[in-house]
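**Q** Data file start32.pdb (PDB, C-alpha atoms) is appended below.
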```pdb
ATOM      1  CA  MET A   1     -15.055  25.388  15.293  1.00  0.00           C
ATOM      2  CA  SER A   2     -15.313  25.090  11.546  1.00  0.00           C
ATOM      3  CA  LYS A   3     -17.679  22.092  11.271  1.00  0.00           C
ATOM      4  CA  ARG A   4     -16.044  21.426   7.937  1.00  0.00           C
ATOM      5  CA  GLY A   5     -17.548  17.951   7.691  1.00  0.00           C
ATOM      6  CA  TYR A   6     -21.082  19.291   7.885  1.00  0.00           C
ATOM      7  CA  HIS A   7     -20.399  22.136   5.492  1.00  0.00           C
ATOM      8  CA  HIS A   8     -19.153  19.715   2.865  1.00  0.00           C
ATOM      9  CA  GLY A   9     -21.963  17.262   3.476  1.00  0.00           C
ATOM     10  CA  ASN A  10     -19.530  14.388   4.037  1.00  0.00           C
ATOM     11  CA  LEU A  11     -18.705  14.081   7.712  1.00  0.00           C
ATOM     12  CA  ARG A  12     -17.614  10.457   7.258  1.00  0.00           C
ATOM     13  CA  GLN A  13     -14.862  11.404   4.791  1.00  0.00           C
ATOM     14  CA  ALA A  14     -13.856  14.424   6.857  1.00  0.00           C
ATOM     15  CA  LEU A  15     -13.235  12.082   9.796  1.00  0.00           C
ATOM     16  CA  ILE A  16     -11.211   9.702   7.641  1.00  0.00           C
ATOM     17  CA  ASP A  17      -9.099  12.570   6.331  1.00  0.00           C
ATOM     18  CA  ALA A  18      -8.557  13.805   9.885  1.00  0.00           C
ATOM     19  CA  ALA A  19      -7.531  10.323  11.005  1.00  0.00           C
ATOM     20  CA  LEU A  20      -5.053  10.034   8.133  1.00  0.00           C
ATOM     21  CA  GLU A  21      -3.385  13.289   9.159  1.00  0.00           C
ATOM     22  CA  LEU A  22      -3.153  12.121  12.774  1.00  0.00           C
ATOM     23  CA  ILE A  23      -1.849   8.697  11.762  1.00  0.00           C
ATOM     24  CA  GLU A  24       0.995  10.308   9.808  1.00  0.00           C
ATOM     25  CA  VAL A  25       2.032  12.309  12.862  1.00  0.00           C
ATOM     26  CA  LYS A  26       1.175  10.041  15.795  1.00  0.00           C
ATOM     27  CA  GLY A  27       0.818   6.569  14.349  1.00  0.00           C
ATOM     28  CA  PRO A  28      -2.301   4.383  14.257  1.00  0.00           C
ATOM     29  CA  THR A  29      -2.556   4.012  18.039  1.00  0.00           C
ATOM     30  CA  GLY A  30      -1.367   7.489  18.986  1.00  0.00           C
ATOM     31  CA  PHE A  31      -4.616   9.382  18.588  1.00  0.00           C
ATOM     32  CA  THR A  32      -8.135   9.248  19.981  1.00  0.00           C
ATOM     33  CA  LEU A  33     -11.508   9.541  18.321  1.00  0.00           C
ATOM     34  CA  SER A  34     -11.939  12.829  20.144  1.00  0.00           C
ATOM     35  CA  GLU A  35      -8.812  14.151  18.438  1.00  0.00           C
ATOM     36  CA  ALA A  36     -10.087  12.993  15.057  1.00  0.00           C
ATOM     37  CA  ALA A  37     -13.397  14.725  15.734  1.00  0.00           C
ATOM     38  CA  LYS A  38     -11.648  17.942  16.748  1.00  0.00           C
ATOM     39  CA  GLN A  39      -9.459  17.788  13.637  1.00  0.00           C
ATOM     40  CA  ALA A  40     -12.589  17.360  11.487  1.00  0.00           C
ATOM     41  CA  GLY A  41     -14.320  20.213  13.299  1.00  0.00           C
ATOM     42  CA  VAL A  42     -17.153  18.225  14.889  1.00  0.00           C
ATOM     43  CA  THR A  43     -18.108  16.978  18.331  1.00  0.00           C
ATOM     44  CA  PRO A  44     -16.857  13.566  19.535  1.00  0.00           C
ATOM     45  CA  ALA A  45     -20.423  12.276  19.600  1.00  0.00           C
ATOM     46  CA  ALA A  46     -20.697  12.857  15.860  1.00  0.00           C
ATOM     47  CA  VAL A  47     -18.000  10.260  15.193  1.00  0.00           C
ATOM     48  CA  TYR A  48     -20.187   7.438  16.475  1.00  0.00           C
ATOM     49  CA  ARG A  49     -22.805   8.112  13.835  1.00  0.00           C
ATOM     50  CA  HIS A  50     -20.339   6.658  11.322  1.00  0.00           C
ATOM     51  CA  PHE A  51     -17.798   4.545  13.230  1.00  0.00           C
ATOM     52  CA  GLU A  52     -18.060   2.286  16.256  1.00  0.00           C
ATOM     53  CA  GLY A  53     -14.508   3.052  17.332  1.00  0.00           C
ATOM     54  CA  ARG A  54     -11.005   3.997  16.274  1.00  0.00           C
ATOM     55  CA  GLU A  55     -10.315   0.611  14.676  1.00  0.00           C
ATOM     56  CA  ASP A  56     -13.350   0.957  12.426  1.00  0.00           C
ATOM     57  CA  LEU A  57     -12.135   4.388  11.369  1.00  0.00           C
ATOM     58  CA  ILE A  58      -8.638   3.071  10.603  1.00  0.00           C
ATOM     59  CA  ALA A  59     -10.086   0.068   8.760  1.00  0.00           C
ATOM     60  CA  GLU A  60     -11.997   2.375   6.438  1.00  0.00           C
ATOM     61  CA  ALA A  61      -8.848   4.427   5.850  1.00  0.00           C
ATOM     62  CA  ALA A  62      -7.079   1.154   4.998  1.00  0.00           C
ATOM     63  CA  ARG A  63      -9.855   0.124   2.620  1.00  0.00           C
ATOM     64  CA  GLN A  64      -9.619   3.396   0.760  1.00  0.00           C
ATOM     65  CA  GLY A  65      -5.846   3.015   0.697  1.00  0.00           C
ATOM     66  CA  PHE A  66      -6.034  -0.446  -0.836  1.00  0.00           C
ATOM     67  CA  GLU A  67      -8.447   0.811  -3.484  1.00  0.00           C
ATOM     68  CA  MET A  68      -6.038   3.612  -4.400  1.00  0.00           C
ATOM     69  CA  PHE A  69      -3.098   1.218  -4.235  1.00  0.00           C
ATOM     70  CA  ALA A  70      -4.806  -1.296  -6.521  1.00  0.00           C
ATOM     71  CA  ASP A  71      -5.612   1.436  -9.039  1.00  0.00           C
ATOM     72  CA  LEU A  72      -1.987   2.604  -9.012  1.00  0.00           C
ATOM     73  CA  MET A  73      -0.670  -0.951  -9.376  1.00  0.00           C
ATOM     74  CA  GLN A  74      -3.069  -1.588 -12.246  1.00  0.00           C
ATOM     75  CA  TYR A  75      -1.969   1.592 -13.999  1.00  0.00           C
ATOM     76  CA  ALA A  76       1.688   0.653 -13.530  1.00  0.00           C
ATOM     77  CA  TYR A  77       1.045  -2.842 -14.856  1.00  0.00           C
ATOM     78  CA  GLU A  78      -0.739  -1.534 -17.932  1.00  0.00           C
ATOM     79  CA  SER A  79       1.900   1.149 -18.562  1.00  0.00           C
ATOM     80  CA  GLY A  80       4.557  -1.522 -18.952  1.00  0.00           C
ATOM     81  CA  GLN A  81       2.679  -3.517 -21.571  1.00  0.00           C
ATOM     82  CA  PRO A  82       3.286  -5.276 -23.876  1.00  0.00           C
ATOM     83  CA  SER A  83       6.563  -6.141 -22.104  1.00  0.00           C
ATOM     84  CA  ALA A  84       5.911  -8.526 -19.215  1.00  0.00           C
ATOM     85  CA  LEU A  85       9.241  -7.557 -17.668  1.00  0.00           C
ATOM     86  CA  ALA A  86       8.554  -3.814 -17.877  1.00  0.00           C
ATOM     87  CA  ALA A  87       5.064  -4.317 -16.472  1.00  0.00           C
ATOM     88  CA  PHE A  88       6.398  -6.343 -13.561  1.00  0.00           C
ATOM     89  CA  GLU A  89       9.140  -3.860 -12.714  1.00  0.00           C
ATOM     90  CA  ALA A  90       6.640  -0.993 -12.906  1.00  0.00           C
ATOM     91  CA  THR A  91       4.472  -2.570 -10.201  1.00  0.00           C
ATOM     92  CA  GLY A  92       7.485  -2.720  -7.895  1.00  0.00           C
ATOM     93  CA  ARG A  93       8.211   0.974  -8.403  1.00  0.00           C
ATOM     94  CA  ALA A  94       4.522   1.775  -7.873  1.00  0.00           C
ATOM     95  CA  TYR A  95       4.676   0.170  -4.420  1.00  0.00           C
ATOM     96  CA  LEU A  96       7.463   2.490  -3.346  1.00  0.00           C
ATOM     97  CA  ALA A  97       5.782   5.533  -4.889  1.00  0.00           C
ATOM     98  CA  PHE A  98       2.514   4.832  -3.078  1.00  0.00           C
ATOM     99  CA  ALA A  99       4.195   4.502   0.315  1.00  0.00           C
ATOM    100  CA  ARG A 100       5.880   7.860  -0.146  1.00  0.00           C
ATOM    101  CA  LYS A 101       2.888   9.747  -1.505  1.00  0.00           C
ATOM    102  CA  HIS A 102       0.253   8.336   0.859  1.00  0.00           C
ATOM    103  CA  PRO A 103       1.939   7.568   4.198  1.00  0.00           C
ATOM    104  CA  GLY A 104      -1.277   7.767   6.213  1.00  0.00           C
ATOM    105  CA  HIS A 105      -2.986   5.209   4.035  1.00  0.00           C
ATOM    106  CA  TYR A 106       0.128   3.025   3.918  1.00  0.00           C
ATOM    107  CA  ILE A 107       0.376   2.948   7.719  1.00  0.00           C
ATOM    108  CA  SER A 108      -3.335   2.140   8.005  1.00  0.00           C
ATOM    109  CA  MET A 109      -2.949  -0.713   5.534  1.00  0.00           C
ATOM    110  CA  PHE A 110       0.263  -2.319   6.743  1.00  0.00           C
ATOM    111  CA  GLU A 111       1.243  -1.027  10.177  1.00  0.00           C
ATOM    112  CA  SER A 112      -1.985  -0.585  12.105  1.00  0.00           C
ATOM    113  CA  GLY A 113      -2.547  -4.201  13.101  1.00  0.00           C
ATOM    114  CA  ILE A 114      -5.985  -4.100  11.478  1.00  0.00           C
ATOM    115  CA  SER A 115      -6.769  -7.400   9.758  1.00  0.00           C
ATOM    116  CA  VAL A 116      -7.569  -7.173   6.057  1.00  0.00           C
ATOM    117  CA  ASN A 117     -10.411  -9.565   6.863  1.00  0.00           C
ATOM    118  CA  ARG A 118     -12.052  -7.157   9.297  1.00  0.00           C
ATOM    119  CA  THR A 119     -14.700  -6.349   6.694  1.00  0.00           C
ATOM    120  CA  PRO A 120     -15.597  -7.947   3.350  1.00  0.00           C
ATOM    121  CA  GLU A 121     -14.957  -4.615   1.621  1.00  0.00           C
ATOM    122  CA  LEU A 122     -11.454  -4.316   3.084  1.00  0.00           C
ATOM    123  CA  ALA A 123     -10.651  -7.928   2.181  1.00  0.00           C
ATOM    124  CA  ALA A 124     -11.822  -7.388  -1.405  1.00  0.00           C
ATOM    125  CA  ALA A 125      -9.772  -4.215  -1.832  1.00  0.00           C
ATOM    126  CA  SER A 126      -6.659  -5.911  -0.442  1.00  0.00           C
ATOM    127  CA  ALA A 127      -7.139  -8.923  -2.703  1.00  0.00           C
ATOM    128  CA  ARG A 128      -7.529  -6.701  -5.773  1.00  0.00           C
ATOM    129  CA  ALA A 129      -4.172  -5.056  -5.105  1.00  0.00           C
ATOM    130  CA  ARG A 130      -2.503  -8.414  -4.533  1.00  0.00           C
ATOM    131  CA  ASP A 131      -4.032  -9.836  -7.696  1.00  0.00           C
ATOM    132  CA  VAL A 132      -2.434  -7.157  -9.881  1.00  0.00           C
ATOM    133  CA  LEU A 133       1.065  -8.104  -8.755  1.00  0.00           C
ATOM    134  CA  GLU A 134       0.269 -11.801  -9.029  1.00  0.00           C
ATOM    135  CA  ARG A 135      -0.993 -11.294 -12.582  1.00  0.00           C
ATOM    136  CA  ALA A 136       2.213  -9.457 -13.482  1.00  0.00           C
ATOM    137  CA  ALA A 137       4.226 -12.314 -11.980  1.00  0.00           C
ATOM    138  CA  ALA A 138       2.184 -14.885 -13.905  1.00  0.00           C
ATOM    139  CA  ASP A 139       2.815 -13.050 -17.177  1.00  0.00           C
ATOM    140  CA  LEU A 140       6.536 -12.991 -16.533  1.00  0.00           C
ATOM    141  CA  SER A 141       6.591 -16.608 -15.338  1.00  0.00           C
ATOM    142  CA  GLU A 142       5.485 -17.786 -18.752  1.00  0.00           C
ATOM    143  CA  HIS A 143       9.084 -17.252 -19.872  1.00  0.00           C
ATOM    144  CA  ILE A 144      10.373 -19.785 -17.321  1.00  0.00           C
ATOM    145  CA  PRO A 145      10.486 -23.505 -18.230  1.00  0.00           C
ATOM    146  CA  PRO A 146       7.594 -25.273 -16.463  1.00  0.00           C
ATOM    147  CA  GLU A 147       9.880 -27.493 -14.392  1.00  0.00           C
ATOM    148  CA  LYS A 148      11.650 -24.421 -12.969  1.00  0.00           C
ATOM    149  CA  ARG A 149       8.642 -22.136 -12.692  1.00  0.00           C
ATOM    150  CA  PRO A 150       7.619 -21.038  -9.181  1.00  0.00           C
ATOM    151  CA  PRO A 151       3.922 -20.518  -8.486  1.00  0.00           C
ATOM    152  CA  ALA A 152       2.896 -16.993  -9.459  1.00  0.00           C
ATOM    153  CA  SER A 153       1.582 -16.456  -5.933  1.00  0.00           C
ATOM    154  CA  MET A 154       5.025 -17.279  -4.484  1.00  0.00           C
ATOM    155  CA  PHE A 155       6.795 -15.182  -7.116  1.00  0.00           C
ATOM    156  CA  SER A 156       4.625 -12.146  -6.379  1.00  0.00           C
ATOM    157  CA  ALA A 157       4.852 -12.700  -2.608  1.00  0.00           C
ATOM    158  CA  HIS A 158       8.644 -12.575  -2.766  1.00  0.00           C
ATOM    159  CA  ILE A 159       8.579  -9.261  -4.646  1.00  0.00           C
ATOM    160  CA  TRP A 160       5.880  -7.865  -2.356  1.00  0.00           C
ATOM    161  CA  ALA A 161       8.032  -8.770   0.666  1.00  0.00           C
ATOM    162  CA  LEU A 162      11.121  -7.214  -0.919  1.00  0.00           C
ATOM    163  CA  SER A 163       9.241  -4.016  -1.765  1.00  0.00           C
ATOM    164  CA  HIS A 164       7.711  -3.852   1.704  1.00  0.00           C
ATOM    165  CA  GLY A 165      11.082  -4.350   3.361  1.00  0.00           C
ATOM    166  CA  VAL A 166      12.702  -1.536   1.413  1.00  0.00           C
ATOM    167  CA  VAL A 167       9.805   0.773   2.270  1.00  0.00           C
ATOM    168  CA  GLU A 168       9.777  -0.111   5.972  1.00  0.00           C
ATOM    169  CA  LEU A 169      13.527   0.048   6.513  1.00  0.00           C
ATOM    170  CA  TYR A 170      14.597   2.877   4.267  1.00  0.00           C
ATOM    171  CA  ALA A 171      11.862   4.736   2.378  1.00  0.00           C
ATOM    172  CA  ARG A 172       9.856   5.979   5.360  1.00  0.00           C
ATOM    173  CA  ALA A 173      12.767   7.467   7.287  1.00  0.00           C
ATOM    174  CA  THR A 174      12.597   5.125  10.278  1.00  0.00           C
ATOM    175  CA  PRO A 175      14.741   6.688  13.042  1.00  0.00           C
ATOM    176  CA  GLY A 176      18.197   5.157  13.147  1.00  0.00           C
ATOM    177  CA  ASN A 177      17.962   3.501   9.744  1.00  0.00           C
ATOM    178  CA  ARG A 178      19.832   5.206   6.966  1.00  0.00           C
ATOM    179  CA  SER A 179      19.981   3.509   3.612  1.00  0.00           C
ATOM    180  CA  PRO A 180      23.440   3.083   2.081  1.00  0.00           C
ATOM    181  CA  PHE A 181      21.757   3.568  -1.298  1.00  0.00           C
ATOM    182  CA  PRO A 182      18.591   5.316  -2.517  1.00  0.00           C
ATOM    183  CA  PRO A 183      15.536   3.120  -1.884  1.00  0.00           C
ATOM    184  CA  GLU A 184      14.757   3.054  -5.608  1.00  0.00           C
ATOM    185  CA  GLU A 185      18.184   1.569  -6.326  1.00  0.00           C
ATOM    186  CA  LEU A 186      17.864  -0.979  -3.534  1.00  0.00           C
ATOM    187  CA  LEU A 187      14.518  -2.142  -4.835  1.00  0.00           C
ATOM    188  CA  GLU A 188      15.581  -2.226  -8.485  1.00  0.00           C
ATOM    189  CA  SER A 189      18.791  -4.133  -7.765  1.00  0.00           C
ATOM    190  CA  GLY A 190      16.995  -6.559  -5.445  1.00  0.00           C
ATOM    191  CA  ILE A 191      14.367  -7.339  -8.057  1.00  0.00           C
ATOM    192  CA  GLY A 192      17.133  -7.667 -10.636  1.00  0.00           C
ATOM    193  CA  ILE A 193      18.988 -10.254  -8.535  1.00  0.00           C
ATOM    194  CA  TYR A 194      15.777 -12.196  -8.043  1.00  0.00           C
ATOM    195  CA  LEU A 195      14.898 -12.161 -11.733  1.00  0.00           C
ATOM    196  CA  ARG A 196      18.417 -13.186 -12.741  1.00  0.00           C
ATOM    197  CA  GLY A 197      18.142 -16.122 -10.388  1.00  0.00           C
ATOM    198  CA  LEU A 198      15.077 -17.236 -12.312  1.00  0.00           C
ATOM    199  CA  GLY A 199      16.832 -16.730 -15.622  1.00  0.00           C
ATOM    200  CA  LEU A 200      14.457 -13.963 -16.691  1.00  0.00           C
ATOM    201  CA  ILE A 201      17.133 -11.373 -17.374  1.00  0.00           C
ATOM    202  CA  GLU A 202      20.700 -11.769 -18.529  1.00  0.00           C
ATOM    203  CA  PRO A 203      23.517 -11.796 -15.925  1.00  0.00           C
ATOM    204  CA  ASP A 204      25.636  -8.675 -15.654  1.00  0.00           C
ATOM    205  CA  SER A 205      28.608  -8.877 -17.991  1.00  0.00           C
TER     206      SER A 205
END
```
I need this file expressed as structure tokens, please.
**A**
Amino acid sequence: MSKRGYHHGNLRQALIDAALELIEVKGPTGFTLSEAAKQAGVTPAAVYRHFEGREDLIAEAARQGFEMFADLMQYAYESGQPSALAAFEATGRAYLAFARKHPGHYISMFESGISVNRTPELAAASARARDVLERAAADLSEHIPPEKRPPASMFSAHIWALSHGVVELYARATPGNRSPFPPEELLESGIGIYLRGLGLIEPDS
């Protein structure tokens, strides 16, 4: 056995990486701590030096995922500046890109059943990601007359739900679900319809 965690001096991260690989293949409830330990090249007993159980291990994978996700969303938001519309649309595309590039983290974050309030650190990381999209929505909402302006939290929640739905149904190759259009087009057109409804972009001619 390679004992790769010990060799690298970071057994905790080696276990998280092993769990992420197993989650991609078997799902968040389809593996045991013993399997994660074997994948990391350590004994099962070594796992309990860092995690009380499988849910704690998945929660840490989710926390790391939310940190990465928030960084990506922030980068997307900043890359679209100074256009509020470009910044907002970029955050939507970043959601889809993250789900594709980091499926293990995405599953840990959104499909594992682990509450984002399980630990203060996980809650903070989740809130930071949500705040980026809400800030982008608030920037764009400034162009809507006050009497017609939805709360930024509602605005961002709608787009988050739309992005999540496209990912879950079509971008992660769920068996039996085949998208009639590329996921990127579905997301872009859906956001476009929503923004037209708010009067933020011109109707199609």
**Q** Please write the residues picked by the PyMOL selection byres ((chain A and resi 10-15) around 12) on this file as a ChimeraX atom specification.
**A** /A:2-9,16-22,32-44,46-51,53-54,56-58,60-61,64
**Q** Given all atoms listed in the file as the basis, pick out the residue of A:Tyr95, A:Lys101, A:Pro145, A:Ser115 nearest to Ala161 of chain A.
**A**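 Closest to Ala161 of chain A of all the choices is A:Tyr95.
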**Q** Show me, as number ranges by chain, the residues that have an atom within 12 Å of Arg130 of chain A when counting all atoms listed in the file, minus same-chain residues fewer than 2 positions from it.
**A** A: 66-67, 69-74, 91-92, 95, 116, 123-128, 132-137, 152-157, 159-161
**Q** List as a ChimeraX atom specification the protein and nucleic acid residues near Ile191 of chain A, meaning an atom at most 8 Å away when all atoms listed in the file are counted, but skip any in the same chain fewer than 4 places from it.
**A** /A:89,159,162,187,195
**Q** Please indicate the distance in Å from atom CA of Gly197 of chain A to atom CA of Arg149 of chain A, rounded to one decimal place.
**A**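 Computed distance, atom CA of Gly197 of chain A to atom CA of Arg149 of chain A, equals 11.5 Å.
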**Q** Determine the residue set returned by the PyMOL selection byres ((chain A and resi 80) around 12) for the present structure, and present it as number ranges by chain.
**A** A: 73-79, 81-94, 136, 139-140
**Q** Using the file's own x, y and z axes, what box holds all listed atoms of segment 94-113 of chain A with 8 Å on each side, keeping edges along x, y and z, and what are its centre and edge lengths in Å to one decimal, as AutoDock Vina command-line options?
**A**
```
--center_x 2.1 --center_y 2.8 --center_z 2.6 --size_x 26.8 --size_y 29.9 --size_z 37.0
```
**Q** One number please: atom CA of Ile144 of chain A to atom CA of Ala129 of chain A, in Å, one decimal.
**A**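 So the answer is 24.0 Å.
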**Q** Write out as a ChimeraX atom specification the residues lying within 6 Å of Gly104 of chain A, counting all atoms listed in the file and excluding same-chain residues fewer than 3 positions away.
**A** /A:20,23-24,107
**Q** Which of these, A:Glu185, A:Tyr106, A:Leu96, A:Glu55, has the shortest distance to Met68 of chain A once you count all atoms listed in the file?
**A**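 Among A:Glu185, A:Tyr106, A:Leu96, A:Glu55, it is A:Tyr106 that comes nearest to Met68 of chain A.
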**Q** Mind checking which residues fall within 8 Å of Arg100 of chain A, counting all atoms listed in the file, ignoring those fewer than 3 positions away in the same chain, and posting them as a list in words?
**A**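 Counting all atoms listed in the file, the residues come to Leu96, Ala97, Pro103, Ala171 and Arg172 of chain A.
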**Q** Would you mind reading off the distance between atom CA of Gly30 of chain A and atom CA of Ala99 of chain A, one decimal, in Å?
**A**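 Straight-line distance from atom CA of Gly30 of chain A to atom CA of Ala99 of chain A works out to 19.7 Å.
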**Q** May I ask which of the residues A:Val166, A:Leu198, A:Ala62, A:Val25 is the closest one to Gly113 of chain A, counting only C-alpha atoms?
**A**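 Smallest separation from Gly113 of chain A among the options: A:Ala62.
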